[in-house]
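One structure is given below, encoded as structure tokens.
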Amino acid sequence: MQEKAFKFNYSFKNRKRNNNSNKRFFGKKKGFTNQDNIEISRYIKKAVEKVLEEYTPKNQFSDLAINSQLKNNILSRGFIKPTPIQDQAIPVILEGRDVLGIANTGTGKTASFLVPLINKILKSNNEKVLITAPTRELALQIMDELKLLSKSLCIYSVACIGGANIREQIFALRRNPQFVIGTPGRLKDLVNRKCLNLSKFTNIVLDEVDRMLDMGFINDIKHLISLLPAKRQSLFFSATVSKEADTLIKGFLNNPVKISVTSGDTAENVDQDVVKVEDKSKKIDSLHDLLIKDEFKKVLIFGRTKRGVEGLSRSLQERGFKVGAIHGNKSQAKREKVLKLFKTNQIQTLIATDVAARGLDIADITHVINYDLPATYNDYIHRIGRTGRANKAGKALTFIS
């Protein structure tokens with residue numbers, strides 16, 4: 001295996017380094033608590049370009065015992081051969097086993113559960129699937145993937161998320177969709193309104209399990225699962241699973257197959273560094289100096305609060321940058337519009353709270369910038385996982401003071 005480090009140097013006026021800086025801990029500043037007390041050194045890691053042996057899957061999509069049109073859709077989607085998580089998970093799910101799948105972001109987790117579940121629906125009219133996700137963006141992304149993989153297969157689905165018209169969702173549910181994809185809060189609301197009967201759902205998928213636990217959805221999840229039939233197939237997927245989450249998951253799964261294909265906490269091809277800011281009033285100037293560099297072509301910036309994200313967006317717009325912002329106070333329509341502008345390169349920079357850390361699969365994000373420190377190291381992992389996807393090089397910078 002040959003390795004070489006990417007060259008990734010940034011210079012800032014008055015930026016000082018000292019040997020003791022990596023020993024400092026953050027998270028005890030007024031107004032912010034870093035639950036993990038993340039050490040600075042964990043934000044610094046040189047990317048390594050590896051010449052790896054090409055992964056050889058045990059299974060090929062063409063050899064799987066699945067519907068022929070589904071195989072055509074997989075090929076049309078651009079999937080030539082299974083990724084490691086797909087290679088290991090799809091055959092097990094096709095056997096009807098419960099699965100706990102753990103894999104780094106951008107490795108094809110979504111297709112690893114959608115492909116076998118679509119095939120299961122095609123084989124039996126009595127099967128229904130409930131998929132839960134922690135954020136609206138992830139739920140819609142799963143929906144988009146489902147539509148591509150189920151093209152021409154007469155499969156009906158509905159997305160049930162907050163911020164969207166609940167009456168339209170209620171109407172859609174009356175059409176008896178085979179797939180219901182939603183966020184826990186909206187799903188619970190629809191259950192309480194007696195518009196969603198979970199006793200008919202024989203399959204459940206929890207995507208980004210640990211994030212849902214972090215966001216306080218555990219009671220909602222327990223309630224939703226309690227309404228499902230005892231005989232069901234349960235699939236839990238995530239990029240990271242804490243010990244606490246693992247304990248809870250085992251209580252929901254029946255003799256699960258645990259599949260882990262992670263390759264370290266963070267991707268090897270993401271170059272990670274810090275930006276030291278001595279004077280907080282100059283923080284936005286340092287950000288400005290970065291964004292005008294040619295290599296910062298498509299940048300995702302994370303802020304801690306909705307107000308802060310909105311304020312930073314306005315400040316950068318005043319400086320002439322093409323930016324957009326998404327956070328919990330934005331309507332779903334506005335969030336989708338901004339994301340479309342970012343995906344199509346009509347804006348250079350997207351500024352977001354951690355609502356965007358999970359699930360966003362946007363091609364060719366060159367840089368992730370943590371303008372505000374993440375609350376936990378898991379949040380950091382998922383933030384920077386938005387760049388360096390599909391084995392491409394990525395860069396992540398974290399502002400510290």
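Every chain in the structure tokens takes a letter, A first, then B, and so on in the order presented; its residues are numbered from 1, and the ligands are numbered from 1 following the presented order.
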### Query
DSSP says strand (DSSP E or B) for which residues of stretch 104-186 of chain A? Put them as a PyMOL selection string?
chain A and resi 129-132+157-160+179-182
Restricting it to C-alpha atoms, dump the selection as a JSON list (two decimals), in the first residue's frame.
[["chain", "number", "residue", "atom", "x", "y", "z"],
["A", 129, "VAL", "CA", -42.35, -0.40, 5.16],
["A", 130, "LEU", "CA", -41.86, 2.39, 7.70],
["A", 131, "ILE", "CA", -38.60, 4.34, 7.43],
["A", 132, "THR", "CA", -37.69, 6.92, 10.06],
["A", 157, "SER", "CA", -44.60, 6.10, -1.23],
["A", 158, "VAL", "CA", -45.14, 9.20, 0.89],
["A", 159, "ALA", "CA", -42.84, 11.44, 2.89],
["A", 160, "CYS", "CA", -44.23, 12.55, 6.25],
["A", 179, "PHE", "CA", -43.48, 2.95, 1.89],
["A", 180, "VAL", "CA", -43.90, 5.67, 4.50],
["A", 181, "ILE", "CA", -40.77, 7.73, 5.15],
["A", 182, "GLY", "CA", -40.78, 10.32, 7.88]]
### Task
Looking only at alpha helix (DSSP H) from DSSP on the backbone, list the matching residues of stretch 60-277 of chain A as a count of residues only.
91
### Task
Name all residues at most 9 Å from A:Leu173 (count only C-alpha atoms; drop same-chain ones fewer than 2 positions away) and give them as a VMD selection string.
chain A and resid 157 to 158 168 to 171 175 to 177 180 195 to 196
### Task
Please measure the separation of atom CA of A:Ile221 and atom CA of A:Pro184, giving the value in Å to one decimal.
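Interatomic distance, atom CA of A:Ile221 to atom CA of A:Pro184: 6.6 Å.
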### Message
Under the rule that only C-alpha atoms are counted, which of A:Ser124, A:Lys71, A:Asp271, A:Phe342 is the nearest residue to A:Lys46?
### Response
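Once distances to A:Lys46 are computed over only C-alpha atoms, the minimum belongs to A:Asp271.
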Write out as an mmCIF file with N, CA and C atoms, in the first residue's frame each polymer residue whose atoms come within 10 Å of A:Arg335, counting only C-alpha atoms; drop sequence neighbours fewer than 3 positions from it.
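part_21.cif written:
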data_model
loop_
_atom_site.group_PDB
_atom_site.id
_atom_site.type_symbol
_atom_site.label_atom_id
_atom_site.label_comp_id
_atom_site.auth_asym_id
_atom_site.auth_seq_id
_atom_site.Cartn_x
_atom_site.Cartn_y
_atom_site.Cartn_z
ATOM 1 N N ARG A 136 -35.550 16.214 8.186
ATOM 2 C CA ARG A 136 -36.378 16.296 6.987
ATOM 3 C C ARG A 136 -35.545 16.037 5.736
ATOM 4 N N GLU A 137 -34.333 16.623 5.722
ATOM 5 C CA GLU A 137 -33.473 16.493 4.554
ATOM 6 C C GLU A 137 -33.135 15.034 4.267
ATOM 7 N N GLY A 163 -42.864 20.712 8.836
ATOM 8 C CA GLY A 163 -42.614 21.850 7.968
ATOM 9 C C GLY A 163 -43.326 21.780 6.637
ATOM 10 N N GLY A 324 -26.467 30.769 1.032
ATOM 11 C CA GLY A 324 -27.815 30.436 1.475
ATOM 12 C C GLY A 324 -27.729 29.804 2.846
ATOM 13 N N ALA A 325 -28.843 29.782 3.563
ATOM 14 C CA ALA A 325 -28.845 29.235 4.921
ATOM 15 C C ALA A 325 -30.031 28.307 5.114
ATOM 16 N N ILE A 326 -29.802 27.230 5.872
ATOM 17 C CA ILE A 326 -30.903 26.362 6.288
ATOM 18 C C ILE A 326 -30.789 26.100 7.781
ATOM 19 N N HIS A 327 -31.940 26.141 8.433
ATOM 20 C CA HIS A 327 -32.020 25.853 9.863
ATOM 21 C C HIS A 327 -33.479 25.586 10.218
ATOM 22 N N GLY A 328 -33.730 25.268 11.469
ATOM 23 C CA GLY A 328 -35.060 24.841 11.895
ATOM 24 C C GLY A 328 -36.160 25.867 11.733
ATOM 25 N N ASN A 329 -35.820 27.159 11.685
ATOM 26 C CA ASN A 329 -36.840 28.194 11.544
ATOM 27 C C ASN A 329 -37.196 28.480 10.087
ATOM 28 N N LYS A 330 -36.469 27.876 9.162
ATOM 29 C CA LYS A 330 -36.776 28.048 7.748
ATOM 30 C C LYS A 330 -37.911 27.096 7.363
ATOM 31 N N SER A 331 -38.812 27.565 6.534
ATOM 32 C CA SER A 331 -39.873 26.684 6.059
ATOM 33 C C SER A 331 -39.261 25.585 5.198
ATOM 34 N N GLN A 332 -39.969 24.483 5.084
ATOM 35 C CA GLN A 332 -39.438 23.379 4.290
ATOM 36 C C GLN A 332 -39.232 23.798 2.845
ATOM 37 N N VAL A 338 -33.051 26.448 -1.164
ATOM 38 C CA VAL A 338 -31.638 26.750 -0.924
ATOM 39 C C VAL A 338 -30.766 25.548 -1.258
ATOM 40 N N LEU A 339 -31.199 24.360 -0.860
ATOM 41 C CA LEU A 339 -30.431 23.155 -1.158
ATOM 42 C C LEU A 339 -30.296 22.936 -2.667
ATOM 43 N N LYS A 340 -31.361 23.221 -3.399
ATOM 44 C CA LYS A 340 -31.313 23.076 -4.854
ATOM 45 C C LYS A 340 -30.302 24.046 -5.460
#
Near A:Phe321, within 10 Å and counting only C-alpha atoms, which residues show up once chain neighbours fewer than 5 positions away are dropped, as a tab-separated table (two decimals) with N, CA and C atoms, in the first residue's frame?
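And here's selection-v4.tsv as it stands now:
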chain	number	residue	atom	x	y	z
A	288	HIS	N	-13.80	35.24	5.48
A	288	HIS	CA	-13.81	35.96	4.20
A	288	HIS	C	-12.55	35.63	3.39
A	291	LEU	N	-12.87	32.15	1.84
A	291	LEU	CA	-13.88	31.97	0.79
A	291	LEU	C	-13.50	32.62	-0.53
A	292	ILE	N	-12.58	33.59	-0.52
A	292	ILE	CA	-12.17	34.22	-1.77
A	292	ILE	C	-11.08	33.42	-2.48
A	313	SER	N	-25.08	34.40	7.44
A	313	SER	CA	-25.51	34.41	6.04
A	313	SER	C	-25.69	35.85	5.55
A	314	ARG	N	-26.34	36.68	6.34
A	314	ARG	CA	-26.54	38.08	5.95
A	314	ARG	C	-25.21	38.81	5.82
A	315	SER	N	-24.31	38.56	6.76
A	315	SER	CA	-23.01	39.24	6.74
A	315	SER	C	-22.22	38.89	5.49
A	316	LEU	N	-22.23	37.62	5.11
A	316	LEU	CA	-21.50	37.21	3.92
A	316	LEU	C	-22.16	37.72	2.64
A	347	ILE	N	-25.16	28.89	-5.83
A	347	ILE	CA	-24.55	29.58	-4.71
A	347	ILE	C	-23.29	28.83	-4.31
A	348	GLN	N	-22.30	29.58	-3.84
A	348	GLN	CA	-21.02	28.96	-3.49
A	348	GLN	C	-21.04	28.31	-2.12
A	349	THR	N	-21.80	28.92	-1.21
A	349	THR	CA	-21.69	28.54	0.20
A	349	THR	C	-23.06	28.27	0.81
### Query
Rounded to one decimal in Å, what is the spacing between atom CA of A:Leu100 and atom CA of A:Gly251?
12.0 Å
### Task
Find the residues around stretch 360-373 of chain A up to 6 Å (only C-alpha atoms counted), leave out those fewer than 3 positions away in its own chain, and share them as an NGL selection string.
:A and (298-304 or 384 or 387 or 394-399)
### Task
Report the distance between atom CA of A:Ala89 and atom CA of A:Leu213 in Å, rounded to one decimal place.
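Result for atom CA of A:Ala89 versus atom CA of A:Leu213: 22.9 Å, one decimal.
Proximity to A:Pro116 at 6 Å, evaluated using only C-alpha atoms and with sequence-adjacent residues fewer than 3 positions away removed, yields Ile90, Leu94, Phe113 and Asn119 of chain A.
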For the selection just defined, write its residues with C-alpha atoms to a file, as a PDB file, in the first residue's frame.
ATOM      1  CA  ILE A  90     -28.523  -6.946   0.996  1.00  0.00           C
ATOM      2  CA  LEU A  94     -33.290 -10.668   1.595  1.00  0.00           C
ATOM      3  CA  PHE A 113     -31.842  -1.396   2.730  1.00  0.00           C
ATOM      4  CA  ASN A 119     -37.993  -6.578  -3.750  1.00  0.00           C
TER       5      ASN A 119
END
Could you produce a table of the residues of stretch 297-400 of chain A lying within 10 Å of stretch 233-239 of chain A, with the nearest pair of atoms per residue and their separation in Å rounded to one decimal, using only C-alpha atoms, ordered by chain and increasing residue number, as a tab-separated table?
residue	atom	partner	partner_atom	distance
A:Arg358	CA	A:Ala239	CA	9.7
A:Asn378	CA	A:Ala239	CA	9.4
A:Ile381	CA	A:Ala239	CA	9.1
A:His382	CA	A:Ala239	CA	8.2
A:Gly385	CA	A:Ala239	CA	9.8
Can you write just those residues out, N, CA and C atoms, as a short mmCIF file (atom, residue, chain, number, x, y, z; two decimals), in the first residue's frame?
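Okay, this is what ended up in again-v3.cif:
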data_model
loop_
_atom_site.label_atom_id
_atom_site.label_comp_id
_atom_site.auth_asym_id
_atom_site.auth_seq_id
_atom_site.Cartn_x
_atom_site.Cartn_y
_atom_site.Cartn_z
N ARG A 358 -26.59 15.44 9.04
CA ARG A 358 -26.95 14.06 8.72
C ARG A 358 -27.70 13.99 7.42
N ASN A 378 -19.03 13.07 17.70
CA ASN A 378 -19.89 12.43 16.71
C ASN A 378 -20.47 13.45 15.75
N ILE A 381 -17.81 14.32 13.30
CA ILE A 381 -17.64 13.28 12.29
C ILE A 381 -18.66 13.44 11.17
N HIS A 382 -19.91 13.68 11.57
CA HIS A 382 -20.96 13.76 10.56
C HIS A 382 -20.92 15.08 9.80
N GLY A 385 -18.19 14.67 7.28
CA GLY A 385 -18.53 13.60 6.35
C GLY A 385 -19.28 14.08 5.12
#
#### Entry: Nearest candidate to A:Leu149 (options A:Arg77, A:Lys58, A:Lys200, A:Arg174; using only C-alpha atoms)
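Nearest candidate to A:Leu149 out of A:Arg77, A:Lys58, A:Lys200, A:Arg174: A:Arg77.
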